[in-house]
Each structure stands twice: as C-alpha cells, then as structure tokens.
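Below is one structure, written out as structure tokens; comments come after it.
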Amino acid sequence: RRQALQAKSSKHFGRQIRQDWLEMYRHLIVAFGNRSYLMAPPKGHLVDGHCYIVPAEHTTGTRTLEEEAWQEVRNFKKCLMAMAQAEGKQVIFIETAMHLSKRQSFVEAIPVPTHVFRQAPLYFKKAIDEAESEWSQHAAKKLIDTSTKGLRGSIPPNFPYFHVEFGIRDGLAHVIDDEESFSPHFGRNVLVGMLQLPPEVMHQRLKGLSSQQQNELVNDLREKYTPHDWTHMLAD
C-alpha cells in the first residue's frame with residue numbers, strides 16, 4: 001500500500017511539474033506535437049539555434065517514453081538537423097536524466113560548426129573518462145556506446161543517465177551512480193570548452209534572459225525552424 005501511495009504521489013507530482021513548465025514557458029514554445037514540443041531555452045542560452053525538445057508527459061527521461069512520444073522527439077531531432085544543415089552546421093543533442101521524480105525531462109539541441117561536430121565524440125569520451133574516477137562508486141562499465149543499440153537498448157529503465165548524441169545515429173551514455181556529485185551542467189560545460197566560449201560561461205550560474213531577449217530568441221528560432229517543421233503535417 002505504501003508503494004502504491006508513493007507511486008500515486010510521484011505521478012501527481014509529475015503532472016504538477018509538467019503543468020508548471022507549460023505555464024511558465026508557454027511563451028517560449030515554437031512548435032507543438034501531440035506528445036512533445038520544441039522551445040527556446042529560458043536561461044543558459046549558448047549559441048544561435050540552441051533549444052529544448054520537451055516531452056509533454058512527465059517522464060524519468062526520454063529512455064522511458066512511450067513509442068509515439070519517442071517518435072515525436074526523433075522527428076524534432078531530424079528537423080533540427082535539417083535546420084542546422086541549411087546553415088552548414090550539425091547538431092549535438094544532450095540529455096541529463098537525474099533526480100528522476102523531481103524535474104522535467106528534456107533534450108537540449110545545440111547546433112555547432114562541422115569541424116567541432118567531428119571532434120565531439122572524442123572530446124566527450126575524454127571528458128567522461130577523465131571524470132569517471134571522481135563519480136564512480138563501483139567497477140561497472142561507465143561509458144556506453146549507444147550507436148548500435150540506441151539509448152533504449154543501452155540503459156536499463158529507471159536508471160539516471162547522461163546521454164550525448166552526434167546527430168541521431170552515434171552517441172555515448174554514462175550511467176550516473178551518484179546524483180549528488182554529478183553536475184547537471186556536465187554536458188553544457190563540455191560544449192563550452194569545445195566551442196571555446198568564455199570560461200566564465202562554464203562557472204557562472206545559468207543566466208536568465210530578459211523578456212525582450214526571450215522574444216528575440218523565440219522569433220529567431222521560429223524563423224529558422226518553421227521551414228523544416230514536421231508538426232505542420234498534424235491534423236488540426
């Protein structure tokens with residue numbers, strides 16, 4: 001009975017998180033699917049085209065999404081890749097699934113120059129390898145290549161994880177042993193180094209944006225994304 005009550009409480013809390021996100025960030029949403037949406041980041045904007053793919057349902061991470069929602073997230077990824085390719089860029093997708101019942105899950109999409117994209121797998125592999133001794137609590141394999149089995153075939157359900165994808169075929173995942181010691185900004189910080197952004201961007205708290213800055217980001221993202229938007233195919 002206690003487990004049932006805990007599950008019910010978690011489900012209710014998850015609905016509340018989802019509703020809070022929609023209420024707070026509806027003005028940042030660029031495109032709606034049936035089970036997911038695309039939005040500009042409310043803070044911590046790194047580069048032009050940086051955005052979030054957000055499941056409409058509360059979930060512990062995209063690894064546990066139902067099939068329809070999973071395919072919608074994949075559709076958004078393909079469209080963002082087309083958007084980036086129109087500017088001679090490629091897209092890196094990062095997801096940090098931790099504190100699973102207490103936060104809204106989302107995938108960050110970061111367009112990068114092609115030469116940075118080509119270096120990214122080695123850069124992330126090195127960053128994870130170097131940090132593993134600090135995070136690890138036992139000898140389980142920490143760096144997982146998801147290129148063959150994908151995220152769902154590589155990470156067990158309900159495990160906290162970090163996942164980075166280079167496009168939609170190649171990727172690396174890390175199972176998070178200790179959620180207290182793992183930085184939720186790990187992927188962002190690696191990208192800051194790769195993109196040679198100012199060092200203070202890595203160490204400062206994620207900076208919020210003014211209403212005017214948010215509007216400019218949304219308008220710019222919408223203008224670039226709309227020609228590639230798959231959601232136009234959905235029935236009204």
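Ordered as shown in the structure tokens, chains take letters A, B, and onward, while each chain numbers its residues from 1 and ligands are numbered from 1 in the order shown.
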Long-range neighbours of Ile92 (chain A) as a PDB file with C-alpha atoms, in the first residue's frame, 6 Å cut-off, only C-alpha atoms, 2 positions minimum in chain:
ATOM      1  CA  ALA A 109      19.852  20.620 -29.094  1.00  0.00           C
ATOM      2  CA  ILE A 110      22.993  22.632 -29.805  1.00  0.00           C
ATOM      3  CA  GLU A 165      24.100  12.148 -29.478  1.00  0.00           C
ATOM      4  CA  PHE A 166      26.008  13.294 -32.509  1.00  0.00           C
TER       5      PHE A 166
END
Quiz prompt | Residue contacts of region 21-31 of chain A (12 Å, only C-alpha atoms) excluding same-chain residues fewer than 6 positions away, as JSON, numbers by chain | solution = {"A": [14, 15, 37, 38, 39, 40, 41, 42, 43, 49, 51, 52, 53, 54, 55, 56, 57, 58, 72, 73, 75, 76, 79, 80, 103, 104, 105, 106, 209, 211, 212, 213, 214, 215, 216, 217, 218, 219, 220, 221, 222, 223, 224, 225, 226, 227, 228, 229, 230, 231, 232, 233, 234]}
Quiz item: Restricting the calculation to only C-alpha atoms, which member of A:Met81, A:Ala127, A:Ile155, A:Leu143 is positioned closest to Gly61 (chain A)?
Solution: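 Selected residue with least distance to Gly61 (chain A): A:Ile155.
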Exercise. Quick one: pull the distance between CA of Pro160 (chain A) and CA of Thr96 (chain A), Å, one decimal.
Key: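 CA of Thr96 (chain A) lies at a distance of 7.9 Å from CA of Pro160 (chain A).
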Quiz prompt | Those in region 49-215 of chain A with alpha helix (DSSP H) from DSSP, as number ranges by chain | solution = A: 67-85, 114-135, 150-154, 186-194, 199-203, 211-215
Practice problem: Can you pull out every residue within 12 Å of Asp145 (chain A), counting only C-alpha atoms, but drop anything in the same chain fewer than 5 positions away, and send it as number ranges by chain? | Solution: A: 121-122, 124-125, 150-155, 162-166, 169-175
